[in-house]
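Below is structure_19.cif, holding mmCIF, N, CA and C atoms.
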```
data_run
#
loop_
_atom_site.label_atom_id
_atom_site.label_comp_id
_atom_site.auth_asym_id
_atom_site.auth_seq_id
_atom_site.Cartn_x
_atom_site.Cartn_y
_atom_site.Cartn_z
N MET A 1 26.65 -12.81 -2.68
CA MET A 1 25.64 -12.68 -1.65
C MET A 1 24.76 -11.48 -1.97
N ILE A 2 23.46 -11.70 -1.89
CA ILE A 2 22.50 -10.63 -2.13
C ILE A 2 21.86 -10.24 -0.81
N LEU A 3 21.89 -8.96 -0.53
CA LEU A 3 21.28 -8.45 0.68
C LEU A 3 19.95 -7.82 0.33
N VAL A 4 18.95 -8.08 1.12
CA VAL A 4 17.64 -7.47 0.92
C VAL A 4 17.53 -6.31 1.88
N ASN A 5 17.31 -5.14 1.35
CA ASN A 5 17.17 -3.93 2.15
C ASN A 5 15.72 -3.80 2.58
N GLU A 6 15.47 -3.83 3.86
CA GLU A 6 14.11 -3.72 4.36
C GLU A 6 13.60 -2.28 4.28
N GLN A 7 14.50 -1.33 4.08
CA GLN A 7 14.09 0.06 3.99
C GLN A 7 13.72 0.39 2.55
N SER A 8 12.56 0.96 2.38
CA SER A 8 12.10 1.34 1.05
C SER A 8 12.40 2.81 0.81
N TYR A 9 12.75 3.13 -0.41
CA TYR A 9 12.93 4.52 -0.79
C TYR A 9 11.63 5.11 -1.31
N ALA A 10 10.63 4.25 -1.48
CA ALA A 10 9.33 4.70 -1.97
C ALA A 10 8.61 5.51 -0.90
N GLN A 11 8.06 6.62 -1.26
CA GLN A 11 7.22 7.43 -0.39
C GLN A 11 5.78 7.20 -0.84
N GLU A 12 5.14 6.21 -0.24
CA GLU A 12 3.82 5.82 -0.67
C GLU A 12 2.78 6.87 -0.30
N THR A 13 1.97 7.24 -1.28
CA THR A 13 0.82 8.11 -1.06
C THR A 13 -0.33 7.60 -1.91
N LYS A 14 -1.52 7.85 -1.47
CA LYS A 14 -2.69 7.34 -2.18
C LYS A 14 -2.78 7.98 -3.57
N LEU A 15 -2.92 7.14 -4.59
CA LEU A 15 -3.10 7.60 -5.97
C LEU A 15 -4.07 6.63 -6.62
N LEU A 16 -5.21 7.13 -7.06
CA LEU A 16 -6.27 6.27 -7.58
C LEU A 16 -6.32 6.27 -9.11
N THR A 17 -6.56 5.08 -9.67
CA THR A 17 -6.84 4.98 -11.10
C THR A 17 -8.29 5.40 -11.31
N LYS A 18 -8.72 5.47 -12.55
CA LYS A 18 -10.11 5.85 -12.83
C LYS A 18 -11.11 4.81 -12.32
N TYR A 19 -10.62 3.62 -11.96
CA TYR A 19 -11.47 2.57 -11.39
C TYR A 19 -11.44 2.57 -9.87
N GLY A 20 -10.72 3.52 -9.28
CA GLY A 20 -10.64 3.63 -7.83
C GLY A 20 -9.59 2.75 -7.18
N ASP A 21 -8.73 2.13 -7.99
CA ASP A 21 -7.67 1.28 -7.44
C ASP A 21 -6.50 2.16 -6.98
N ASP A 22 -6.07 1.94 -5.74
CA ASP A 22 -4.98 2.72 -5.16
C ASP A 22 -3.63 2.15 -5.59
N VAL A 23 -3.01 2.76 -6.59
CA VAL A 23 -1.71 2.30 -7.09
C VAL A 23 -0.55 3.09 -6.48
N GLY A 24 -0.85 3.99 -5.54
CA GLY A 24 0.18 4.75 -4.85
C GLY A 24 0.78 4.00 -3.67
N THR A 25 0.14 2.89 -3.29
CA THR A 25 0.66 2.08 -2.19
C THR A 25 0.81 0.63 -2.64
N LEU A 26 1.73 -0.06 -2.03
CA LEU A 26 1.92 -1.48 -2.35
C LEU A 26 0.67 -2.28 -1.98
N ASP A 27 0.13 -2.04 -0.78
CA ASP A 27 -1.07 -2.76 -0.36
C ASP A 27 -2.23 -2.52 -1.32
N GLY A 28 -2.41 -1.28 -1.73
CA GLY A 28 -3.50 -0.95 -2.66
C GLY A 28 -3.32 -1.63 -4.01
N THR A 29 -2.08 -1.68 -4.48
CA THR A 29 -1.81 -2.30 -5.78
C THR A 29 -2.06 -3.81 -5.72
N ILE A 30 -1.62 -4.46 -4.65
CA ILE A 30 -1.85 -5.90 -4.51
C ILE A 30 -3.34 -6.18 -4.32
N LYS A 31 -4.03 -5.35 -3.59
CA LYS A 31 -5.48 -5.52 -3.44
C LYS A 31 -6.15 -5.44 -4.81
N ALA A 32 -5.78 -4.46 -5.62
CA ALA A 32 -6.37 -4.31 -6.95
C ALA A 32 -6.02 -5.50 -7.85
N TYR A 33 -4.80 -6.03 -7.70
CA TYR A 33 -4.36 -7.20 -8.46
C TYR A 33 -5.34 -8.36 -8.25
N TYR A 34 -5.78 -8.55 -7.02
CA TYR A 34 -6.75 -9.61 -6.73
C TYR A 34 -8.18 -9.21 -7.11
N ASP A 35 -8.53 -7.97 -6.84
CA ASP A 35 -9.90 -7.52 -7.12
C ASP A 35 -10.25 -7.63 -8.61
N VAL A 36 -9.29 -7.37 -9.46
CA VAL A 36 -9.58 -7.32 -10.90
C VAL A 36 -9.97 -8.69 -11.47
N VAL A 37 -9.54 -9.77 -10.83
CA VAL A 37 -9.90 -11.10 -11.32
C VAL A 37 -10.98 -11.75 -10.47
N THR A 38 -11.55 -11.00 -9.53
CA THR A 38 -12.62 -11.52 -8.69
C THR A 38 -13.93 -10.99 -9.24
N ILE A 39 -14.71 -11.91 -9.84
CA ILE A 39 -15.98 -11.49 -10.45
C ILE A 39 -17.07 -12.51 -10.15
N LYS A 40 -18.29 -12.03 -10.11
CA LYS A 40 -19.44 -12.91 -9.95
C LYS A 40 -19.77 -13.54 -11.30
N LYS A 41 -20.37 -14.71 -11.24
CA LYS A 41 -20.81 -15.41 -12.45
C LYS A 41 -21.65 -14.46 -13.30
N GLY A 42 -21.31 -14.36 -14.59
CA GLY A 42 -22.05 -13.50 -15.50
C GLY A 42 -21.51 -12.09 -15.63
N GLU A 43 -20.62 -11.65 -14.70
CA GLU A 43 -20.02 -10.32 -14.81
C GLU A 43 -18.89 -10.35 -15.84
N LYS A 44 -18.45 -9.18 -16.26
CA LYS A 44 -17.36 -9.06 -17.23
C LYS A 44 -16.06 -8.69 -16.53
N VAL A 45 -14.98 -9.34 -16.94
CA VAL A 45 -13.64 -8.97 -16.48
C VAL A 45 -13.24 -7.70 -17.23
N SER A 46 -12.58 -6.77 -16.55
CA SER A 46 -12.14 -5.53 -17.20
C SER A 46 -10.65 -5.58 -17.52
N TYR A 47 -10.34 -5.84 -18.79
CA TYR A 47 -8.94 -5.81 -19.23
C TYR A 47 -8.37 -4.41 -19.01
N GLU A 48 -9.15 -3.38 -19.30
CA GLU A 48 -8.64 -2.01 -19.15
C GLU A 48 -8.25 -1.74 -17.69
N ARG A 49 -9.11 -2.13 -16.77
CA ARG A 49 -8.79 -1.93 -15.35
C ARG A 49 -7.50 -2.64 -14.98
N ASP A 50 -7.35 -3.88 -15.42
CA ASP A 50 -6.15 -4.66 -15.13
C ASP A 50 -4.92 -4.02 -15.77
N SER A 51 -5.06 -3.56 -17.00
CA SER A 51 -3.91 -2.99 -17.71
C SER A 51 -3.39 -1.72 -17.04
N LEU A 52 -4.24 -1.00 -16.32
CA LEU A 52 -3.80 0.21 -15.63
C LEU A 52 -2.91 -0.10 -14.42
N LEU A 53 -2.87 -1.36 -14.00
CA LEU A 53 -2.00 -1.77 -12.90
C LEU A 53 -0.60 -2.14 -13.40
N HIS A 54 -0.49 -2.44 -14.68
CA HIS A 54 0.72 -3.01 -15.26
C HIS A 54 1.47 -2.00 -16.13
N ILE A 55 2.77 -2.14 -16.17
CA ILE A 55 3.59 -1.35 -17.07
C ILE A 55 3.32 -1.80 -18.51
N ALA A 56 3.43 -0.89 -19.45
CA ALA A 56 3.17 -1.23 -20.86
C ALA A 56 4.09 -2.37 -21.31
N GLY A 57 3.52 -3.29 -22.06
CA GLY A 57 4.31 -4.40 -22.60
C GLY A 57 4.56 -5.53 -21.63
N VAL A 58 3.90 -5.52 -20.48
CA VAL A 58 4.12 -6.54 -19.45
C VAL A 58 3.87 -7.94 -20.00
N ARG A 59 4.64 -8.90 -19.48
CA ARG A 59 4.45 -10.32 -19.79
C ARG A 59 4.12 -11.03 -18.49
N VAL A 60 3.22 -11.99 -18.59
CA VAL A 60 2.72 -12.70 -17.42
C VAL A 60 2.63 -14.18 -17.72
N GLY A 61 2.41 -14.99 -16.69
CA GLY A 61 2.29 -16.40 -16.98
C GLY A 61 2.08 -17.29 -15.78
N SER A 62 2.22 -18.56 -16.07
CA SER A 62 2.07 -19.57 -15.03
C SER A 62 3.12 -20.65 -15.22
N ALA A 63 3.44 -21.29 -14.13
CA ALA A 63 4.37 -22.41 -14.15
C ALA A 63 3.67 -23.58 -13.48
N GLY A 64 4.10 -24.77 -13.79
CA GLY A 64 3.49 -25.92 -13.16
C GLY A 64 4.09 -27.21 -13.66
N ILE A 65 3.35 -28.28 -13.46
CA ILE A 65 3.76 -29.62 -13.88
C ILE A 65 2.63 -30.20 -14.73
N SER A 66 2.95 -30.75 -15.88
CA SER A 66 1.99 -31.42 -16.73
C SER A 66 2.60 -32.74 -17.20
N ASP A 67 1.90 -33.82 -16.96
CA ASP A 67 2.41 -35.15 -17.33
C ASP A 67 3.80 -35.41 -16.77
N GLY A 68 4.04 -34.90 -15.55
CA GLY A 68 5.31 -35.13 -14.88
C GLY A 68 6.45 -34.24 -15.33
N HIS A 69 6.17 -33.26 -16.19
CA HIS A 69 7.22 -32.38 -16.71
C HIS A 69 6.91 -30.92 -16.39
N PRO A 70 7.94 -30.14 -16.06
CA PRO A 70 7.73 -28.72 -15.81
C PRO A 70 7.22 -28.01 -17.07
N ILE A 71 6.27 -27.10 -16.88
CA ILE A 71 5.75 -26.30 -17.99
C ILE A 71 5.73 -24.83 -17.60
N LEU A 72 5.83 -23.98 -18.57
CA LEU A 72 5.78 -22.54 -18.38
C LEU A 72 4.94 -21.93 -19.49
N HIS A 73 3.94 -21.17 -19.10
CA HIS A 73 3.15 -20.39 -20.04
C HIS A 73 3.55 -18.94 -19.83
N TYR A 74 3.96 -18.27 -20.87
CA TYR A 74 4.49 -16.90 -20.79
C TYR A 74 3.88 -16.12 -21.93
N THR A 75 3.13 -15.06 -21.63
CA THR A 75 2.38 -14.37 -22.67
C THR A 75 2.17 -12.90 -22.31
N THR A 76 1.50 -12.17 -23.17
CA THR A 76 1.15 -10.78 -22.88
C THR A 76 -0.07 -10.76 -21.97
N LEU A 77 -0.28 -9.66 -21.31
CA LEU A 77 -1.45 -9.51 -20.46
C LEU A 77 -2.73 -9.62 -21.28
N LYS A 78 -2.73 -9.02 -22.45
CA LYS A 78 -3.91 -9.06 -23.31
C LYS A 78 -4.24 -10.49 -23.73
N GLU A 79 -3.23 -11.26 -24.09
CA GLU A 79 -3.45 -12.65 -24.48
C GLU A 79 -3.90 -13.47 -23.28
N TYR A 80 -3.36 -13.21 -22.11
CA TYR A 80 -3.81 -13.91 -20.91
C TYR A 80 -5.31 -13.69 -20.71
N HIS A 81 -5.75 -12.46 -20.85
CA HIS A 81 -7.18 -12.15 -20.71
C HIS A 81 -7.99 -12.85 -21.80
N ARG A 82 -7.48 -12.87 -23.00
CA ARG A 82 -8.19 -13.53 -24.09
C ARG A 82 -8.41 -15.01 -23.77
N GLN A 83 -7.42 -15.62 -23.15
CA GLN A 83 -7.49 -17.05 -22.84
C GLN A 83 -8.31 -17.37 -21.59
N SER A 84 -8.43 -16.44 -20.65
CA SER A 84 -9.03 -16.77 -19.36
C SER A 84 -10.35 -16.07 -19.03
N ASP A 85 -10.63 -14.94 -19.62
CA ASP A 85 -11.80 -14.16 -19.21
C ASP A 85 -13.12 -14.90 -19.38
N ALA A 86 -13.31 -15.57 -20.50
CA ALA A 86 -14.59 -16.25 -20.75
C ALA A 86 -14.88 -17.29 -19.67
N TYR A 87 -13.87 -18.03 -19.25
CA TYR A 87 -14.04 -19.04 -18.20
C TYR A 87 -14.48 -18.38 -16.89
N MET A 88 -13.79 -17.31 -16.50
CA MET A 88 -14.12 -16.64 -15.25
C MET A 88 -15.51 -16.01 -15.31
N GLU A 89 -15.86 -15.42 -16.45
CA GLU A 89 -17.17 -14.80 -16.61
C GLU A 89 -18.29 -15.84 -16.57
N LYS A 90 -18.05 -16.99 -17.13
CA LYS A 90 -19.06 -18.05 -17.17
C LYS A 90 -19.28 -18.68 -15.79
N ASN A 91 -18.20 -18.91 -15.06
CA ASN A 91 -18.26 -19.64 -13.79
C ASN A 91 -18.23 -18.77 -12.55
N GLY A 92 -17.79 -17.53 -12.69
CA GLY A 92 -17.49 -16.72 -11.52
C GLY A 92 -16.11 -17.11 -11.03
N TYR A 93 -15.44 -16.19 -10.36
CA TYR A 93 -14.10 -16.49 -9.88
C TYR A 93 -13.79 -15.56 -8.73
N TYR A 94 -13.37 -16.14 -7.61
CA TYR A 94 -13.04 -15.38 -6.42
C TYR A 94 -11.65 -15.81 -5.98
N GLU A 95 -10.72 -14.86 -5.93
CA GLU A 95 -9.36 -15.17 -5.50
C GLU A 95 -9.00 -14.22 -4.38
N ARG A 96 -8.41 -14.78 -3.32
CA ARG A 96 -8.01 -13.92 -2.21
C ARG A 96 -6.61 -14.30 -1.74
N GLU A 97 -5.91 -13.28 -1.29
CA GLU A 97 -4.56 -13.46 -0.76
C GLU A 97 -4.65 -14.09 0.63
N THR A 98 -3.80 -15.10 0.87
CA THR A 98 -3.78 -15.75 2.18
C THR A 98 -2.52 -15.43 2.98
N SER A 99 -1.45 -15.04 2.29
CA SER A 99 -0.23 -14.59 2.99
C SER A 99 0.65 -13.85 1.99
N ARG A 100 1.59 -13.09 2.53
CA ARG A 100 2.46 -12.27 1.66
C ARG A 100 3.85 -12.14 2.27
N LYS A 101 4.86 -12.22 1.40
CA LYS A 101 6.23 -11.91 1.78
C LYS A 101 6.75 -10.89 0.76
N VAL A 102 7.26 -9.78 1.26
CA VAL A 102 7.74 -8.70 0.39
C VAL A 102 9.23 -8.50 0.60
N GLU A 103 9.96 -8.42 -0.49
CA GLU A 103 11.37 -8.04 -0.48
C GLU A 103 11.53 -6.85 -1.40
N ASN A 104 12.35 -5.90 -0.99
CA ASN A 104 12.60 -4.77 -1.88
C ASN A 104 14.01 -4.23 -1.73
N ILE A 105 14.49 -3.70 -2.81
CA ILE A 105 15.74 -2.95 -2.83
C ILE A 105 15.40 -1.65 -3.55
N ARG A 106 15.50 -0.57 -2.81
CA ARG A 106 15.11 0.75 -3.28
C ARG A 106 13.69 0.71 -3.86
N ASN A 107 13.50 0.90 -5.13
CA ASN A 107 12.16 1.00 -5.70
C ASN A 107 11.71 -0.23 -6.47
N ILE A 108 12.42 -1.33 -6.33
CA ILE A 108 12.04 -2.60 -6.94
C ILE A 108 11.52 -3.51 -5.83
N TYR A 109 10.37 -4.10 -6.06
CA TYR A 109 9.71 -4.95 -5.07
C TYR A 109 9.44 -6.32 -5.66
N HIS A 110 9.63 -7.34 -4.84
CA HIS A 110 9.21 -8.69 -5.20
C HIS A 110 8.24 -9.17 -4.13
N VAL A 111 7.05 -9.57 -4.56
CA VAL A 111 6.01 -10.02 -3.64
C VAL A 111 5.70 -11.48 -3.91
N TRP A 112 5.87 -12.30 -2.88
CA TRP A 112 5.39 -13.69 -2.90
C TRP A 112 4.02 -13.63 -2.24
N SER A 113 2.98 -13.87 -3.00
CA SER A 113 1.62 -13.74 -2.50
C SER A 113 0.87 -15.07 -2.65
N SER A 114 0.68 -15.76 -1.52
CA SER A 114 -0.07 -17.01 -1.56
C SER A 114 -1.55 -16.69 -1.68
N TYR A 115 -2.29 -17.57 -2.36
CA TYR A 115 -3.71 -17.31 -2.61
C TYR A 115 -4.52 -18.60 -2.56
N GLU A 116 -5.83 -18.40 -2.49
CA GLU A 116 -6.77 -19.48 -2.71
C GLU A 116 -7.86 -18.94 -3.62
N SER A 117 -8.41 -19.82 -4.44
CA SER A 117 -9.47 -19.40 -5.35
C SER A 117 -10.69 -20.29 -5.19
N LYS A 118 -11.85 -19.68 -5.50
CA LYS A 118 -13.15 -20.33 -5.39
C LYS A 118 -14.01 -19.80 -6.53
N TYR A 119 -15.14 -20.44 -6.76
CA TYR A 119 -16.10 -19.92 -7.74
C TYR A 119 -16.98 -18.84 -7.14
N THR A 120 -17.19 -18.89 -5.81
CA THR A 120 -17.97 -17.88 -5.10
C THR A 120 -17.26 -17.57 -3.79
N VAL A 121 -17.60 -16.44 -3.20
CA VAL A 121 -16.96 -16.01 -1.96
C VAL A 121 -17.05 -17.08 -0.88
N ASP A 122 -18.22 -17.70 -0.74
CA ASP A 122 -18.41 -18.68 0.33
C ASP A 122 -18.34 -20.13 -0.17
N GLY A 123 -17.85 -20.33 -1.39
CA GLY A 123 -17.74 -21.67 -1.96
C GLY A 123 -16.50 -22.40 -1.47
N LYS A 124 -16.38 -23.66 -1.92
CA LYS A 124 -15.20 -24.44 -1.52
C LYS A 124 -13.98 -24.00 -2.32
N VAL A 125 -12.82 -24.16 -1.72
CA VAL A 125 -11.56 -23.80 -2.37
C VAL A 125 -11.32 -24.75 -3.54
N ILE A 126 -11.07 -24.18 -4.73
CA ILE A 126 -10.81 -24.99 -5.92
C ILE A 126 -9.33 -25.02 -6.29
N ASN A 127 -8.57 -24.07 -5.73
CA ASN A 127 -7.14 -24.02 -6.05
C ASN A 127 -6.42 -23.19 -4.99
N GLN A 128 -5.16 -23.54 -4.78
CA GLN A 128 -4.27 -22.76 -3.92
C GLN A 128 -2.93 -22.68 -4.63
N GLY A 129 -2.22 -21.60 -4.41
CA GLY A 129 -0.92 -21.47 -5.02
C GLY A 129 -0.21 -20.22 -4.56
N VAL A 130 0.76 -19.81 -5.36
CA VAL A 130 1.52 -18.61 -5.04
C VAL A 130 1.69 -17.77 -6.30
N ASN A 131 1.54 -16.47 -6.12
CA ASN A 131 1.83 -15.50 -7.17
C ASN A 131 3.19 -14.89 -6.88
N SER A 132 4.03 -14.84 -7.88
CA SER A 132 5.31 -14.17 -7.81
C SER A 132 5.16 -12.88 -8.61
N ILE A 133 5.14 -11.74 -7.92
CA ILE A 133 4.82 -10.46 -8.55
C ILE A 133 6.00 -9.51 -8.41
N GLU A 134 6.45 -8.94 -9.51
CA GLU A 134 7.51 -7.93 -9.49
C GLU A 134 6.91 -6.57 -9.76
N LEU A 135 7.31 -5.58 -8.97
CA LEU A 135 6.77 -4.24 -9.11
C LEU A 135 7.88 -3.20 -9.08
N TYR A 136 7.57 -2.04 -9.63
CA TYR A 136 8.47 -0.89 -9.64
C TYR A 136 7.69 0.31 -9.12
N PHE A 137 8.29 1.07 -8.20
CA PHE A 137 7.70 2.31 -7.70
C PHE A 137 8.40 3.47 -8.39
N ASP A 138 7.67 4.27 -9.17
CA ASP A 138 8.28 5.34 -9.98
C ASP A 138 8.35 6.68 -9.27
N GLY A 139 8.10 6.69 -7.97
CA GLY A 139 8.10 7.93 -7.21
C GLY A 139 6.70 8.42 -6.91
N LYS A 140 5.71 7.94 -7.69
CA LYS A 140 4.32 8.32 -7.48
C LYS A 140 3.41 7.12 -7.31
N ARG A 141 3.73 6.05 -8.03
CA ARG A 141 2.84 4.90 -8.04
C ARG A 141 3.61 3.61 -8.29
N PHE A 142 2.96 2.49 -8.01
CA PHE A 142 3.51 1.17 -8.30
C PHE A 142 3.03 0.69 -9.66
N TRP A 143 3.93 0.07 -10.37
CA TRP A 143 3.63 -0.58 -11.65
C TRP A 143 3.98 -2.05 -11.53
N ILE A 144 3.09 -2.92 -11.95
CA ILE A 144 3.42 -4.34 -11.99
C ILE A 144 4.26 -4.59 -13.23
N LEU A 145 5.47 -5.13 -13.01
CA LEU A 145 6.40 -5.42 -14.11
C LEU A 145 6.17 -6.81 -14.70
N GLY A 146 5.54 -7.67 -13.93
CA GLY A 146 5.26 -9.03 -14.40
C GLY A 146 4.84 -9.90 -13.24
N TRP A 147 4.22 -11.02 -13.57
CA TRP A 147 3.84 -11.99 -12.54
C TRP A 147 3.72 -13.37 -13.14
N PHE A 148 3.92 -14.35 -12.26
CA PHE A 148 3.73 -15.76 -12.58
C PHE A 148 3.05 -16.40 -11.40
N TYR A 149 2.28 -17.41 -11.66
CA TYR A 149 1.68 -18.16 -10.56
C TYR A 149 1.93 -19.65 -10.75
N ASP A 150 1.90 -20.37 -9.65
CA ASP A 150 2.06 -21.82 -9.67
C ASP A 150 1.08 -22.40 -8.67
#
```
Would you give me this structure, written as structure tokens?
Amino acid sequence: MILVNEQSYAQETKLLTKYGDDVGTLDGTIKAYYDVVTIKKGEKVSYERDSLLHIAGVRVGSAGISDGHPILHYTTLKEYHRQSDAYMEKNGYYERETSRKVENIRNIYHVWSSYESKYTVDGKVINQGVNSIELYFDGKRFWILGWFYD
């Protein structure tokens, strides 16, 4: 039996990256997670900004169904950007969190974050899903240890 401790040992305080993302709080880190992939058509995605949210060597990916079979894409953050940035820059991409469930034990956090995505802020929804995000609080800031979406 696994018990989830609702009490956090993390003492959250505001801590900003050079891009102004608040990585000292869980809310700030999750906000930045979404902000970094939300861009207007023709803008550039910032790999550097995204990498400052993640622990070095992080692996990320997606899960789903293709031709009736489960699939898993698992890669480095840099490779993920290589594969996806051009599409988002060409079309624009807006992703927003629609709900969140957080579980933590001491300084390890698991966030189930439901989302919807669009090409523009006021456009029609093109996708909905869930992000499974694991984070670590090092006493000063949150680091994303990895994430998958479906």
Practice task
Give the strand (DSSP E) residues of chain A, as DSSP finds them on the backbone, and put them as an MDAnalysis selection string.
Solution key: chainID A and resid 54:66 69:76 94:105 108:118 127:137 142:149
Exercise for the section: May I have the protein, DNA and RNA residues with any atom at most 8 Å from the point (-1.8, -25.9, -3.1), counting all atoms listed in the file, written as a ChimeraX atom specification? Expected result: /A:115,127-130,150
Exercise for the section: State, in Å with one decimal place, the distance from atom C of Ser84 (chain A) to CA of Val125 (chain A). Expected result: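 Calculated distance between atom C of Ser84 (chain A) and CA of Val125 (chain A) is 18.4 Å.
Among the candidates A:Val37, A:Ala56, A:Ile133, A:Ala63, the residue lying nearest to Ser113 (chain A) is A:Ile133 (atoms considered: only N, CA and C atoms).
Taking CA of Ala32 (chain A) and atom N of Asn104 (chain A) as endpoints, the distance between them is 19.7 Å.
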Handout entry: Selection as a list in words: residues within 6 Å of (-1.5, -15.9, 0.9), counting only N, CA and C atoms
Key =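 All residues meeting the 6 Å criterion around (-1.5, -15.9, 0.9) are Arg96, Glu97, Thr98, Ser99, Arg100, Ser113, Ser114 and Tyr115 of chain A.
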Problem - alpha helix (DSSP H) residues, from DSSP on the backbone, in chain A, as JSON, numbers by chain - result: {"A": [26, 27, 28, 29, 30, 31, 32, 33, 34, 35, 47, 48, 49, 50, 51, 77, 78, 79, 80, 81, 82, 83, 84, 85, 86, 87, 88, 89, 90, 91]}
Handout entry: Nearby residues (only N, CA and C atoms) at most 8 Å from Thr13 (chain A), same-chain spacing under 2 positions excluded, as a list in words
Key = Ala10, Gln11, Leu15, Leu16, Asp22, Val23, Gly24, Thr25, Leu26, Gly139, Lys140 and Arg141 of chain A
Put those residues in a file: N, CA and C atoms, as an mmCIF file, keeping the file's coordinate frame.
```cif
data_model
loop_
_atom_site.group_PDB
_atom_site.id
_atom_site.type_symbol
_atom_site.label_atom_id
_atom_site.label_comp_id
_atom_site.auth_asym_id
_atom_site.auth_seq_id
_atom_site.Cartn_x
_atom_site.Cartn_y
_atom_site.Cartn_z
ATOM 1 N N ALA A 10 10.630 4.250 -1.480
ATOM 2 C CA ALA A 10 9.330 4.700 -1.970
ATOM 3 C C ALA A 10 8.610 5.510 -0.900
ATOM 4 N N GLN A 11 8.060 6.620 -1.260
ATOM 5 C CA GLN A 11 7.220 7.430 -0.390
ATOM 6 C C GLN A 11 5.780 7.200 -0.840
ATOM 7 N N LEU A 15 -2.920 7.140 -4.590
ATOM 8 C CA LEU A 15 -3.100 7.600 -5.970
ATOM 9 C C LEU A 15 -4.070 6.630 -6.620
ATOM 10 N N LEU A 16 -5.210 7.130 -7.060
ATOM 11 C CA LEU A 16 -6.270 6.270 -7.580
ATOM 12 C C LEU A 16 -6.320 6.270 -9.110
ATOM 13 N N ASP A 22 -6.070 1.940 -5.740
ATOM 14 C CA ASP A 22 -4.980 2.720 -5.160
ATOM 15 C C ASP A 22 -3.630 2.150 -5.590
ATOM 16 N N VAL A 23 -3.010 2.760 -6.590
ATOM 17 C CA VAL A 23 -1.710 2.300 -7.090
ATOM 18 C C VAL A 23 -0.550 3.090 -6.480
ATOM 19 N N GLY A 24 -0.850 3.990 -5.540
ATOM 20 C CA GLY A 24 0.180 4.750 -4.850
ATOM 21 C C GLY A 24 0.780 4.000 -3.670
ATOM 22 N N THR A 25 0.140 2.890 -3.290
ATOM 23 C CA THR A 25 0.660 2.080 -2.190
ATOM 24 C C THR A 25 0.810 0.630 -2.640
ATOM 25 N N LEU A 26 1.730 -0.060 -2.030
ATOM 26 C CA LEU A 26 1.920 -1.480 -2.350
ATOM 27 C C LEU A 26 0.670 -2.280 -1.980
ATOM 28 N N GLY A 139 8.100 6.690 -7.970
ATOM 29 C CA GLY A 139 8.100 7.930 -7.210
ATOM 30 C C GLY A 139 6.700 8.420 -6.910
ATOM 31 N N LYS A 140 5.710 7.940 -7.690
ATOM 32 C CA LYS A 140 4.320 8.320 -7.480
ATOM 33 C C LYS A 140 3.410 7.120 -7.310
ATOM 34 N N ARG A 141 3.730 6.050 -8.030
ATOM 35 C CA ARG A 141 2.840 4.900 -8.040
ATOM 36 C C ARG A 141 3.610 3.610 -8.290
#
```
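If only N, CA and C atoms are the atoms counted, then among A:Thr17, A:Thr75, A:Gln83, A:Thr38 the closest residue to Gly57 (chain A) is A:Thr75.
Straight-line separation from atom N of Thr29 (chain A) to CA of Leu53 (chain A): 8.4 Å.
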Practice task
Run the PyMOL selection byres ((chain A and resi 55) around 8) mentally over the shown coordinates, then write out the matched residues as a ChimeraX atom specification, using the chain letters and numbers from the document.
Solution key: /A:50-54,56-59,142-146
Problem - Nearest-residue call for Tyr33 (chain A), choices A:Ser132, A:Gly123, A:His81, A:Asp21, using all atoms listed in the file - result: A:Asp21
Exercise for the section: Write out as a PyMOL selection string the residues lying within 7 Å of Ser62 (chain A), counting only C-alpha atoms and excluding same-chain residues fewer than 3 positions away. Expected result: chain A and resi 72-74+148-150
